[in-house]
file run24.csv (CSV, C-alpha atoms)
chain,number,residue,atom,x,y,z
A,1,MET,CA,-23.3,22.8,-7.9
A,2,ARG,CA,-21.6,20.2,-10.1
A,3,LEU,CA,-22.8,17.3,-8.1
A,4,ALA,CA,-26.3,18.8,-7.9
A,5,ARG,CA,-26.5,19.0,-11.7
A,6,ALA,CA,-25.4,15.4,-11.9
A,7,GLN,CA,-27.8,14.3,-9.3
A,8,CYS,CA,-30.7,16.0,-11.2
A,9,TRP,CA,-29.6,14.0,-14.3
A,10,VAL,CA,-29.6,10.8,-12.2
A,11,ASN,CA,-33.1,11.4,-11.0
A,12,ALA,CA,-34.2,11.7,-14.6
A,13,PHE,CA,-32.3,8.6,-15.7
A,14,PRO,CA,-35.1,6.1,-16.7
A,15,ALA,CA,-33.1,3.0,-16.0
A,16,ALA,CA,-33.3,3.7,-12.2
A,17,ARG,CA,-37.0,3.0,-12.3
A,18,LEU,CA,-36.3,-0.6,-13.5
A,19,LEU,CA,-34.0,-1.2,-10.5
A,20,PRO,CA,-35.5,-4.5,-9.0
A,21,ALA,CA,-35.6,-6.3,-12.4
A,22,VAL,CA,-32.2,-5.0,-13.4
A,23,LEU,CA,-30.5,-6.0,-10.2
A,24,ALA,CA,-32.1,-9.4,-10.0
A,25,GLY,CA,-31.2,-10.2,-13.6
A,26,CYS,CA,-27.6,-8.9,-13.3
A,27,LEU,CA,-26.9,-10.8,-10.1
A,28,LEU,CA,-28.0,-14.1,-11.8
A,29,LEU,CA,-26.1,-13.5,-15.0
A,30,ALA,CA,-22.9,-11.7,-13.8
A,31,PRO,CA,-19.7,-13.9,-13.7
A,32,VAL,CA,-18.3,-15.0,-10.4
A,33,SER,CA,-14.8,-13.6,-11.0
A,34,GLY,CA,-14.1,-9.9,-11.2
A,35,SER,CA,-15.8,-7.0,-9.6
A,36,GLN,CA,-19.6,-7.3,-9.4
A,37,GLY,CA,-20.4,-3.6,-9.3
A,38,ASP,CA,-18.6,-2.4,-12.5
A,39,LYS,CA,-20.0,-5.4,-14.4
A,40,GLU,CA,-23.5,-4.4,-13.8
A,41,PRO,CA,-25.3,-3.1,-17.0
A,42,PHE,CA,-27.1,-0.6,-14.8
A,43,TYR,CA,-23.8,0.9,-13.6
A,44,ARG,CA,-22.4,0.9,-17.1
A,45,ASP,CA,-25.5,2.6,-18.6
A,46,CYS,CA,-25.4,5.1,-15.7
A,47,VAL,CA,-21.8,6.0,-16.5
A,48,LYS,CA,-22.5,6.2,-20.2
A,49,GLU,CA,-25.5,8.4,-19.9
A,50,CYS,CA,-23.8,10.6,-17.3
A,51,VAL,CA,-20.7,11.1,-19.6
A,52,GLN,CA,-22.9,11.9,-22.6
A,53,ALA,CA,-25.0,14.5,-20.6
A,54,ASN,CA,-22.2,16.2,-18.6
A,55,CYS,CA,-18.8,15.6,-20.2
A,56,THR,CA,-19.1,17.0,-23.6
A,57,GLY,CA,-19.9,20.5,-25.0
A,58,PRO,CA,-21.1,23.3,-22.8
A,59,PRO,CA,-21.8,21.0,-19.8
A,60,LEU,CA,-18.1,20.0,-19.7
A,61,GLY,CA,-17.1,23.7,-19.6
A,62,GLY,CA,-19.4,24.2,-16.6
A,63,PHE,CA,-17.9,21.1,-14.9
A,64,LEU,CA,-14.3,22.4,-15.5
A,65,SER,CA,-15.1,25.9,-14.2
A,66,ALA,CA,-16.8,24.5,-11.1
A,67,GLN,CA,-14.2,21.8,-10.3
A,68,PRO,CA,-12.0,22.7,-7.3
A,69,ARG,CA,-8.4,23.3,-8.1
A,70,TYR,CA,-7.2,20.4,-5.9
A,71,MET,CA,-9.4,18.0,-7.9
A,72,THR,CA,-7.9,19.2,-11.2
A,73,LEU,CA,-4.3,18.9,-9.9
A,74,THR,CA,-4.9,15.3,-8.8
A,75,GLY,CA,-6.3,14.3,-12.1
A,76,TRP,CA,-10.0,13.9,-11.4
A,77,THR,CA,-12.0,14.2,-14.7
A,78,CYS,CA,-15.7,14.5,-15.5
A,79,ARG,CA,-15.8,10.8,-16.4
A,80,ASP,CA,-14.3,10.0,-13.0
A,81,ASP,CA,-17.0,12.0,-11.3
A,82,CYS,CA,-19.6,10.1,-13.3
A,83,ARG,CA,-18.2,6.8,-12.2
A,84,TYR,CA,-18.0,7.9,-8.6
A,85,LEU,CA,-21.6,9.1,-8.6
A,86,CYS,CA,-22.9,6.0,-10.4
A,87,MET,CA,-21.0,3.8,-8.0
A,88,TRP,CA,-22.9,5.2,-5.1
A,89,ILE,CA,-26.2,5.0,-6.9
A,90,THR,CA,-25.6,1.3,-7.6
A,91,VAL,CA,-24.6,0.7,-4.0
A,92,GLY,CA,-27.7,2.4,-2.8
A,93,LEU,CA,-29.9,0.2,-5.1
A,94,TYR,CA,-28.1,-2.9,-4.0
A,95,LEU,CA,-28.7,-2.1,-0.3
A,96,ALA,CA,-32.3,-1.1,-1.0
A,97,GLU,CA,-32.9,-4.5,-2.5
A,98,GLY,CA,-31.2,-6.4,0.3
A,99,TYR,CA,-28.1,-7.4,-1.6
A,100,LYS,CA,-24.5,-7.2,-0.3
A,101,VAL,CA,-22.3,-4.3,-1.1
A,102,PRO,CA,-20.4,-4.9,-4.4
A,103,GLN,CA,-16.9,-4.0,-5.3
A,104,PHE,CA,-16.1,-1.7,-8.3
A,105,HIS,CA,-13.0,-2.1,-10.4
A,106,GLY,CA,-11.4,-4.4,-7.8
A,107,LYS,CA,-12.1,-2.1,-4.8
A,108,TRP,CA,-14.8,-1.5,-2.2
A,109,PRO,CA,-16.7,1.8,-2.5
A,110,PHE,CA,-15.1,4.6,-0.4
A,111,THR,CA,-16.4,8.0,0.5
A,112,ARG,CA,-14.1,10.5,-1.2
A,113,PHE,CA,-12.8,13.3,1.0
A,114,LEU,CA,-11.6,16.3,-1.0
A,115,CYS,CA,-9.3,14.6,-3.6
A,116,PHE,CA,-8.6,11.6,-1.4
A,117,GLU,CA,-10.1,8.4,-2.9
A,118,GLU,CA,-9.3,6.3,0.2
A,119,PRO,CA,-8.8,8.9,2.9
A,120,VAL,CA,-8.0,6.7,5.9
A,121,SER,CA,-5.5,4.6,3.9
A,122,ALA,CA,-3.9,7.7,2.6
A,123,LEU,CA,-3.7,9.2,6.1
A,124,ALA,CA,-2.2,5.9,7.4
A,125,SER,CA,0.4,5.9,4.7
A,126,LEU,CA,1.3,9.5,5.6
A,127,LEU,CA,1.6,8.5,9.3
A,128,ASN,CA,3.8,5.5,8.4
A,129,GLY,CA,6.0,7.8,6.3
A,130,LEU,CA,6.3,10.4,9.1
A,131,ALA,CA,7.1,7.7,11.7
A,132,CYS,CA,9.8,6.4,9.4
A,133,LEU,CA,11.2,9.9,8.8
A,134,ILE,CA,11.2,10.8,12.6
A,135,MET,CA,13.0,7.6,13.4
A,136,LEU,CA,15.5,8.0,10.6
A,137,VAL,CA,16.4,11.4,12.0
A,138,ARG,CA,16.7,9.9,15.5
A,139,TYR,CA,18.9,7.1,14.1
A,140,ARG,CA,21.2,9.4,12.4
A,141,SER,CA,21.6,11.6,15.5
A,142,ALA,CA,22.2,8.6,17.8
A,143,VAL,CA,24.5,6.4,15.6
A,144,PRO,CA,27.9,7.7,14.3
A,145,ARG,CA,28.6,7.1,10.6
A,146,GLN,CA,31.5,4.8,11.5
A,147,SER,CA,29.0,2.1,12.5
A,148,PRO,CA,29.2,-0.8,10.1
A,149,MET,CA,25.4,-0.8,9.4
A,150,TYR,CA,24.9,2.9,9.3
A,151,TYR,CA,24.7,3.4,5.5
A,152,THR,CA,22.7,0.2,5.0
A,153,CYS,CA,20.1,1.2,7.5
A,154,CYS,CA,19.9,4.8,6.1
A,155,ALA,CA,19.4,3.4,2.6
A,156,PHE,CA,16.6,1.1,3.9
A,157,SER,CA,14.9,4.1,5.4
A,158,MET,CA,15.0,6.0,2.1
A,159,VAL,CA,13.5,3.0,0.3
A,160,SER,CA,10.8,2.8,2.9
A,161,LEU,CA,10.0,6.5,2.7
A,162,ASN,CA,9.7,6.2,-1.1
A,163,ALA,CA,7.3,3.3,-0.7
A,164,TRP,CA,5.1,5.1,1.8
A,165,PHE,CA,5.0,8.2,-0.4
A,166,TRP,CA,3.7,6.2,-3.3
A,167,SER,CA,1.3,4.3,-1.1
A,168,MET,CA,-0.2,7.7,0.0
A,169,VAL,CA,-0.3,8.9,-3.7
A,170,PHE,CA,-2.0,5.6,-4.8
A,171,HIS,CA,-4.7,5.8,-2.0
A,172,THR,CA,-5.2,9.4,-2.9
A,173,ARG,CA,-5.7,8.8,-6.6
A,174,ASP,CA,-5.8,5.3,-8.1
A,175,THR,CA,-4.4,5.4,-11.7
A,176,TYR,CA,-2.4,3.1,-13.9
A,177,LEU,CA,0.9,4.8,-12.8
A,178,THR,CA,0.2,5.2,-9.1
A,179,GLU,CA,-0.9,1.6,-8.8
A,180,LYS,CA,2.2,0.3,-10.5
A,181,MET,CA,4.4,2.6,-8.3
A,182,ASP,CA,2.7,1.5,-5.1
A,183,TYR,CA,3.2,-2.2,-6.0
A,184,PHE,CA,6.7,-1.9,-7.3
A,185,CYS,CA,8.0,0.3,-4.4
A,186,ALA,CA,6.4,-2.1,-1.8
A,187,SER,CA,8.3,-5.0,-3.5
A,188,ALA,CA,11.5,-2.9,-3.3
A,189,VAL,CA,11.1,-2.6,0.5
A,190,ILE,CA,10.6,-6.3,0.9
A,191,LEU,CA,13.6,-7.1,-1.2
A,192,TYR,CA,15.8,-4.5,0.6
A,193,SER,CA,14.6,-5.9,3.9
A,194,ILE,CA,16.0,-9.3,3.1
A,195,TYR,CA,19.2,-7.6,1.9
A,196,LEU,CA,19.4,-5.8,5.2
A,197,CYS,CA,19.1,-9.1,6.9
A,198,CYS,CA,21.8,-10.6,4.8
A,199,VAL,CA,24.2,-7.8,5.5
A,200,ARG,CA,23.6,-7.9,9.2
A,201,THR,CA,23.8,-11.7,9.6
A,202,LEU,CA,26.4,-12.6,7.0
A,203,GLY,CA,27.8,-9.6,5.2
A,204,LEU,CA,29.8,-8.1,8.0
A,205,GLN,CA,32.1,-11.1,8.0
A,206,ARG,CA,31.7,-11.8,4.2
A,207,PRO,CA,31.2,-8.5,2.3
A,208,ASP,CA,31.6,-10.2,-1.1
A,209,LEU,CA,28.7,-12.5,-0.2
A,210,SER,CA,26.4,-9.7,0.6
A,211,SER,CA,27.4,-7.8,-2.5
A,212,CYS,CA,26.6,-10.8,-4.7
A,213,PHE,CA,23.4,-11.3,-2.9
A,214,GLY,CA,22.5,-7.6,-3.5
A,215,VAL,CA,23.2,-8.0,-7.3
A,216,LEU,CA,20.9,-11.1,-7.3
A,217,LEU,CA,18.1,-9.1,-5.6
A,218,ILE,CA,18.5,-6.3,-8.1
A,219,LEU,CA,18.1,-8.8,-11.0
A,220,LEU,CA,15.1,-10.3,-9.3
A,221,PHE,CA,13.5,-6.9,-8.9
A,222,ALA,CA,14.1,-6.0,-12.5
A,223,SER,CA,12.7,-9.2,-13.7
A,224,HIS,CA,9.6,-8.9,-11.4
A,225,VAL,CA,8.9,-5.3,-12.6
A,226,SER,CA,9.5,-6.2,-16.2
A,227,TYR,CA,7.1,-9.1,-16.1
A,228,LEU,CA,4.4,-7.2,-14.4
A,229,THR,CA,4.9,-4.2,-16.8
A,230,PHE,CA,5.4,-5.8,-20.2
A,231,VAL,CA,3.9,-9.3,-19.9
A,232,ASN,CA,1.0,-9.5,-17.4
A,233,PHE,CA,0.1,-7.5,-14.3
A,234,ASP,CA,-0.8,-10.6,-12.3
A,235,TYR,CA,-2.0,-9.7,-8.8
A,236,GLY,CA,-1.8,-13.3,-7.7
A,237,TYR,CA,1.8,-13.7,-8.8
A,238,ASN,CA,2.8,-10.4,-7.2
A,239,MET,CA,1.3,-11.4,-3.9
A,240,ALA,CA,2.9,-14.9,-4.1
A,241,ALA,CA,6.3,-13.5,-4.9
A,242,ASN,CA,6.2,-10.9,-2.1
A,243,THR,CA,4.8,-13.4,0.4
A,244,ALA,CA,7.6,-15.9,-0.4
A,245,ILE,CA,10.3,-13.3,0.1
A,246,GLY,CA,8.6,-12.1,3.3
A,247,ILE,CA,8.5,-15.6,4.8
A,248,ILE,CA,12.2,-16.2,4.0
A,249,ASN,CA,13.0,-12.8,5.6
A,250,LEU,CA,10.9,-13.7,8.7
A,251,LEU,CA,12.6,-17.1,9.2
A,252,TRP,CA,16.0,-15.7,8.5
A,253,TRP,CA,15.6,-13.0,11.2
A,254,LEU,CA,14.1,-15.3,13.7
A,255,CYS,CA,17.0,-17.8,13.3
A,256,TRP,CA,19.4,-15.0,13.9
A,257,CYS,CA,17.5,-13.8,16.9
A,258,TYR,CA,17.4,-17.2,18.4
A,259,GLY,CA,21.1,-17.7,17.9
A,260,ASN,CA,21.9,-14.4,19.6
A,261,ARG,CA,19.4,-14.4,22.4
A,262,ARG,CA,22.1,-14.9,25.0
A,263,THR,CA,24.5,-12.3,23.8
A,264,LEU,CA,22.3,-9.5,22.6
A,265,PRO,CA,19.8,-8.2,25.2
A,266,TYR,CA,17.8,-6.3,22.5
A,267,TRP,CA,17.2,-9.4,20.3
A,268,TRP,CA,13.6,-9.5,21.3
A,269,LYS,CA,12.9,-6.2,19.5
A,270,CYS,CA,13.9,-7.6,16.2
A,271,ALA,CA,11.8,-10.8,16.8
A,272,ALA,CA,8.8,-8.8,17.9
A,273,VAL,CA,9.0,-6.5,14.8
A,274,VAL,CA,9.1,-9.4,12.2
A,275,LEU,CA,6.4,-11.3,14.0
A,276,LEU,CA,4.2,-8.2,14.4
A,277,LEU,CA,4.6,-7.2,10.7
A,278,HIS,CA,3.7,-10.6,9.4
A,279,GLY,CA,0.9,-11.1,11.9
A,280,LEU,CA,-0.6,-7.7,11.1
A,281,ALA,CA,-0.5,-8.5,7.4
A,282,LEU,CA,-3.1,-11.1,8.1
A,283,LEU,CA,-5.6,-8.3,8.5
A,284,GLU,CA,-5.6,-8.1,4.7
A,285,LEU,CA,-7.5,-11.4,4.8
A,286,LEU,CA,-10.4,-9.7,6.6
A,287,ASP,CA,-12.0,-8.4,3.4
A,288,PHE,CA,-15.1,-6.5,4.3
A,289,PRO,CA,-17.0,-3.4,3.1
A,290,PRO,CA,-15.5,-0.2,4.6
A,291,LEU,CA,-16.9,0.8,8.0
A,292,LEU,CA,-18.5,4.2,7.6
A,293,TRP,CA,-17.4,3.9,4.0
A,294,VAL,CA,-13.8,4.9,4.9
A,295,LEU,CA,-12.3,2.2,7.1
A,296,ASP,CA,-11.5,-1.2,5.5
A,297,ALA,CA,-9.1,-4.0,6.4
A,298,HIS,CA,-6.3,-2.5,4.3
A,299,ALA,CA,-6.6,0.9,6.2
A,300,ILE,CA,-6.6,-0.9,9.5
A,301,TRP,CA,-3.5,-2.8,8.5
A,302,HIS,CA,-1.7,0.4,7.5
A,303,LEU,CA,-2.7,2.1,10.8
A,304,SER,CA,-1.5,-0.8,12.9
A,305,THR,CA,2.0,-0.7,11.4
A,306,VAL,CA,2.7,2.9,12.5
A,307,PRO,CA,3.9,2.0,16.0
A,308,VAL,CA,6.1,-0.8,14.7
A,309,HIS,CA,8.5,1.7,13.1
A,310,PHE,CA,9.5,3.0,16.6
A,311,LEU,CA,10.3,-0.5,17.8
A,312,PHE,CA,12.2,-1.4,14.7
A,313,TYR,CA,14.4,1.7,14.7
A,314,SER,CA,15.0,1.2,18.4
A,315,PHE,CA,16.5,-2.2,17.5
A,316,LEU,CA,18.5,-0.7,14.7
A,317,ILE,CA,20.0,2.0,17.0
A,318,ASP,CA,20.9,-0.6,19.7
A,319,ASP,CA,22.4,-3.0,17.2
A,320,SER,CA,24.3,-0.3,15.3
A,321,LEU,CA,25.8,1.0,18.5
A,322,TYR,CA,26.7,-2.5,19.6
A,323,LEU,CA,28.5,-3.1,16.4
A,324,LEU,CA,30.4,0.2,16.6
A,325,ASN,CA,31.6,-0.6,20.2
A,326,THR,CA,32.5,-4.1,19.1
A,327,GLN,CA,34.5,-2.7,16.2
A,328,LYS,CA,36.3,-0.2,18.5
A,329,ARG,CA,37.4,-2.9,20.8
A,330,GLY,CA,38.9,-4.8,17.9
A,331,LEU,CA,36.5,-7.8,18.4
A,332,LYS,CA,35.0,-9.9,15.7
A,333,LEU,CA,31.7,-8.7,14.4
A,334,ASP,CA,28.9,-11.2,14.9

call {"tool": "encode", "arguments": {"input": "run24.csv", "output": "C-alpha cells"}}
result
Amino acid sequence: MRLARAQCWVNAFPAARLLPAVLAGCLLLAPVSGSQGDKEPFYRDCVKECVQANCTGPPLGGFLSAQPRYMTLTGWTCRDDCRYLCMWITVGLYLAEGYKVPQFHGKWPFTRFLCFEEPVSALASLLNGLACLIMLVRYRSAVPRQSPMYYTCCAFSMVSLNAWFWSMVFHTRDTYLTEKMDYFCASAVILYSIYLCCVRTLGLQRPDLSSCFGVLLILLFASHVSYLTFVNFDYGYNMAANTAIGIINLLWWLCWCYGNRRTLPYWWKCAAVVLLLHGLALLELLDFPPLLWVLDAHAIWHLSTVPVHFLFYSFLIDDSLYLLNTQKRGLKLD
C-alpha cells in the first residue's frame, strides 16, 4: 500500500513528462566525477517532491503504520523509500532513452529484498562468516592449545568473524556508521593477516620482534582510522593502503612457502590461498551494473572467497599440528 501510494504520486509528478529533454540536458551538463544518477536534477526533484508529499504530516503517519517492523528496525525511513523509488524511476528513464545505467551515491542500483539493500552481497558475507566459524570450531577441536600458533590463529578468526559481520550489516543497510565499520574492520583483517605471517615466519624464534611488529601495526591501524574519521574519508587512500599491505603479505607468505617447499608437504595450501585471495580480488575491477539487479562484481568476489576459508584453515591445522609435534620432540621451530 505504501509503495502504491508513492507510485500514484510518481505518475502525477509533472517532471516525468519532460524526461527526454531533462536527461539529454543533464547528461551534457553533469560533471564527469561522482555518481551520475544522484546528480541528476530529475532525481533530486523526484526525491524532494516525494518527501514533501509523503514524509510529513498525516502521510508520514500512514507510512509509519504501514512500514514492516523489520524495515523500521534496520533504520529505513520515509526519505530512504523516496530515494529508492526515485532511483528506479530514473534508471527506467535512462534505459528508455537508451542511456547506460547510472550509479547513485557511489553504488549501482540494487533491487531491495526485505530490508537487504544488497541481498546477494549480504548473503555472501553471511556465508563467509559461517565458513570462518565452522573452520574455527574445527581448528579448535583438532589443534591442542599447547600449539605455538593456537591463540594467534584463534584471534585471527575472531577478527575475521567481526569483519564479515560488519560486511553483512553494511550490505544490508548502508549508513555512515555501517560503512565506516565495514572499511575499518576489513583493514583490521588485512593488518592482522600480516601479523599472523610475522608470528609464523619470525616470531616463533624471536617473540620480541613479533611483539614490536604488533605494536607498530596497532599504531598504523589507529592512524589509519583516525585519518579517515577526523580528516578525510578518502576511498582512494584507503584502497591504496590496504593494497600495499596486502601485496607485502602476499610476497612475505610466498617467500616463506618457497623456502619451506621441501620440508613442509602442505606448503602449497598456503601459497594457493594467498594467490587465490589476491587473484579473486581482481574481480572488483569488473565494475558493471548488477545482473538481474542483484549480482555485481563485488557480490561475485564475496561468493568466490567462501571456499577459500576451508583451504586456509586446513593449512592452519596442518601447520599448527606440525609445530606442536616439533615442539614435543624438542626440535627448533622453523

call {"tool": "closest_residue", "arguments": {"input": "run24.csv", "among": "A:Ser141, A:Ser147, A:Thr77, A:Gln103", "to": "Leu324 in chain A", "atoms": "all atoms listed in the file"}}
result
A:Ser147

call {"tool": "residues_around", "arguments": {"input": "run24.csv", "residues": "range 294-309 of chain A", "least_positions_apart": "2", "cutoff": "7 Å", "atoms": "all atoms listed in the file", "output": "PDB file with C-alpha atoms, in the frame of the given file"}}
result
ATOM      1  CA  PHE A 110     -15.100   4.600  -0.400  1.00  0.00           C
ATOM      2  CA  THR A 111     -16.400   8.000   0.500  1.00  0.00           C
ATOM      3  CA  GLU A 118      -9.300   6.300   0.200  1.00  0.00           C
ATOM      4  CA  PRO A 119      -8.800   8.900   2.900  1.00  0.00           C
ATOM      5  CA  VAL A 120      -8.000   6.700   5.900  1.00  0.00           C
ATOM      6  CA  SER A 121      -5.500   4.600   3.900  1.00  0.00           C
ATOM      7  CA  ALA A 124      -2.200   5.900   7.400  1.00  0.00           C
ATOM      8  CA  SER A 125       0.400   5.900   4.700  1.00  0.00           C
ATOM      9  CA  LEU A 127       1.600   8.500   9.300  1.00  0.00           C
ATOM     10  CA  ASN A 128       3.800   5.500   8.400  1.00  0.00           C
ATOM     11  CA  ALA A 131       7.100   7.700  11.700  1.00  0.00           C
ATOM     12  CA  CYS A 132       9.800   6.400   9.400  1.00  0.00           C
ATOM     13  CA  VAL A 273       9.000  -6.500  14.800  1.00  0.00           C
ATOM     14  CA  LEU A 280      -0.600  -7.700  11.100  1.00  0.00           C
ATOM     15  CA  ALA A 281      -0.500  -8.500   7.400  1.00  0.00           C
ATOM     16  CA  LEU A 283      -5.600  -8.300   8.500  1.00  0.00           C
ATOM     17  CA  GLU A 284      -5.600  -8.100   4.700  1.00  0.00           C
ATOM     18  CA  LEU A 286     -10.400  -9.700   6.600  1.00  0.00           C
ATOM     19  CA  ASP A 287     -12.000  -8.400   3.400  1.00  0.00           C
ATOM     20  CA  PHE A 288     -15.100  -6.500   4.300  1.00  0.00           C
ATOM     21  CA  PRO A 289     -17.000  -3.400   3.100  1.00  0.00           C
ATOM     22  CA  PRO A 290     -15.500  -0.200   4.600  1.00  0.00           C
ATOM     23  CA  LEU A 291     -16.900   0.800   8.000  1.00  0.00           C
ATOM     24  CA  LEU A 292     -18.500   4.200   7.600  1.00  0.00           C
ATOM     25  CA  LEU A 311      10.300  -0.500  17.800  1.00  0.00           C
ATOM     26  CA  PHE A 312      12.200  -1.400  14.700  1.00  0.00           C
ATOM     27  CA  TYR A 313      14.400   1.700  14.700  1.00  0.00           C
TER      28      TYR A 313
END

call {"tool": "atom_distance", "arguments": {"input": "run24.csv", "atom1": "CA of Leu85 in chain A", "atom2": "CA of Glu49 in chain A"}}
result
12.0 Å

call {"tool": "atom_distance", "arguments": {"input": "run24.csv", "atom1": "CA of Met168 in chain A", "atom2": "CA of Ser193 in chain A"}}
result
20.5 Å

call {"tool": "atom_distance", "arguments": {"input": "run24.csv", "atom1": "CA of Gln327 in chain A", "atom2": "CA of Trp256 in chain A"}}
result
19.6 Å

call {"tool": "residues_around", "arguments": {"input": "run24.csv", "residues": "Phe233 in chain A", "least_positions_apart": "6", "cutoff": "12 Å", "atoms": "all atoms listed in the file", "output": "list in words"}}
result
Tyr176, Glu179, Lys180, Tyr183, Phe184, His224, Val225, Ser226, Tyr227 and Met239 of chain A

call {"tool": "residues_around", "arguments": {"input": "run24.csv", "residues": "Val51 in chain A", "least_positions_apart": "6", "cutoff": "8 Å", "atoms": "only C-alpha atoms", "output": "list of chain:residue names"}}
result
A:Cys78, A:Arg79, A:Cys82

call {"tool": "closest_residue", "arguments": {"input": "run24.csv", "among": "A:Leu130, A:Ala163, A:Val274, A:Val215", "to": "Ile247 in chain A", "atoms": "only C-alpha atoms"}}
result
A:Val274

call {"tool": "closest_residue", "arguments": {"input": "run24.csv", "among": "A:Tyr151, A:Tyr84, A:Phe104, A:Tyr70", "to": "Val47 in chain A", "atoms": "all atoms listed in the file"}}
result
A:Tyr84

call {"tool": "residues_around", "arguments": {"input": "run24.csv", "residues": "Tyr195 in chain A", "least_positions_apart": "5", "cutoff": "12 Å", "atoms": "all atoms listed in the file", "output": "list in words"}}
result
Met149, Thr152, Cys153, Ala155, Phe156, Ala188, Val189, Ile190, Arg200, Thr201, Leu202, Gly203, Leu209, Ser210, Ser211, Cys212, Phe213, Gly214, Val215, Leu216, Leu217, Ile218, Ile245, Gly246, Ile248, Asn249, Trp252 and Trp253 of chain A

call {"tool": "write_last_selection", "arguments": {"input": "run24.csv", "atoms": "C-alpha atoms", "output": "short mmCIF file (atom, residue, chain, number, x, y, z; two decimals), keeping the file's coordinate frame"}}
result
data_model
loop_
_atom_site.label_atom_id
_atom_site.label_comp_id
_atom_site.auth_asym_id
_atom_site.auth_seq_id
_atom_site.Cartn_x
_atom_site.Cartn_y
_atom_site.Cartn_z
CA MET A 149 25.40 -0.80 9.40
CA THR A 152 22.70 0.20 5.00
CA CYS A 153 20.10 1.20 7.50
CA ALA A 155 19.40 3.40 2.60
CA PHE A 156 16.60 1.10 3.90
CA ALA A 188 11.50 -2.90 -3.30
CA VAL A 189 11.10 -2.60 0.50
CA ILE A 190 10.60 -6.30 0.90
CA ARG A 200 23.60 -7.90 9.20
CA THR A 201 23.80 -11.70 9.60
CA LEU A 202 26.40 -12.60 7.00
CA GLY A 203 27.80 -9.60 5.20
CA LEU A 209 28.70 -12.50 -0.20
CA SER A 210 26.40 -9.70 0.60
CA SER A 211 27.40 -7.80 -2.50
CA CYS A 212 26.60 -10.80 -4.70
CA PHE A 213 23.40 -11.30 -2.90
CA GLY A 214 22.50 -7.60 -3.50
CA VAL A 215 23.20 -8.00 -7.30
CA LEU A 216 20.90 -11.10 -7.30
CA LEU A 217 18.10 -9.10 -5.60
CA ILE A 218 18.50 -6.30 -8.10
CA ILE A 245 10.30 -13.30 0.10
CA GLY A 246 8.60 -12.10 3.30
CA ILE A 248 12.20 -16.20 4.00
CA ASN A 249 13.00 -12.80 5.60
CA TRP A 252 16.00 -15.70 8.50
CA TRP A 253 15.60 -13.00 11.20
#

call {"tool": "closest_residue", "arguments": {"input": "run24.csv", "among": "A:Leu114, A:Tyr99, A:Tyr139, A:Asp318", "to": "Arg69 in chain A", "atoms": "all atoms listed in the file"}}
result
A:Leu114

call {"tool": "closest_residue", "arguments": {"input": "run24.csv", "among": "A:Asn242, A:Thr229, A:Ser314, A:Gln67", "to": "Lys269 in chain A", "atoms": "all atoms listed in the file"}}
result
A:Ser314

call {"tool": "closest_residue", "arguments": {"input": "run24.csv", "among": "A:Leu95, A:Leu126, A:Trp108, A:Tyr237", "to": "Trp166 in chain A", "atoms": "all atoms listed in the file"}}
result
A:Leu126

call {"tool": "residues_around", "arguments": {"input": "run24.csv", "residues": "Asn162 in chain A", "least_positions_apart": "5", "cutoff": "9 Å", "atoms": "all atoms listed in the file", "output": "number ranges by chain"}}
result
A: 129, 157, 167, 185-186
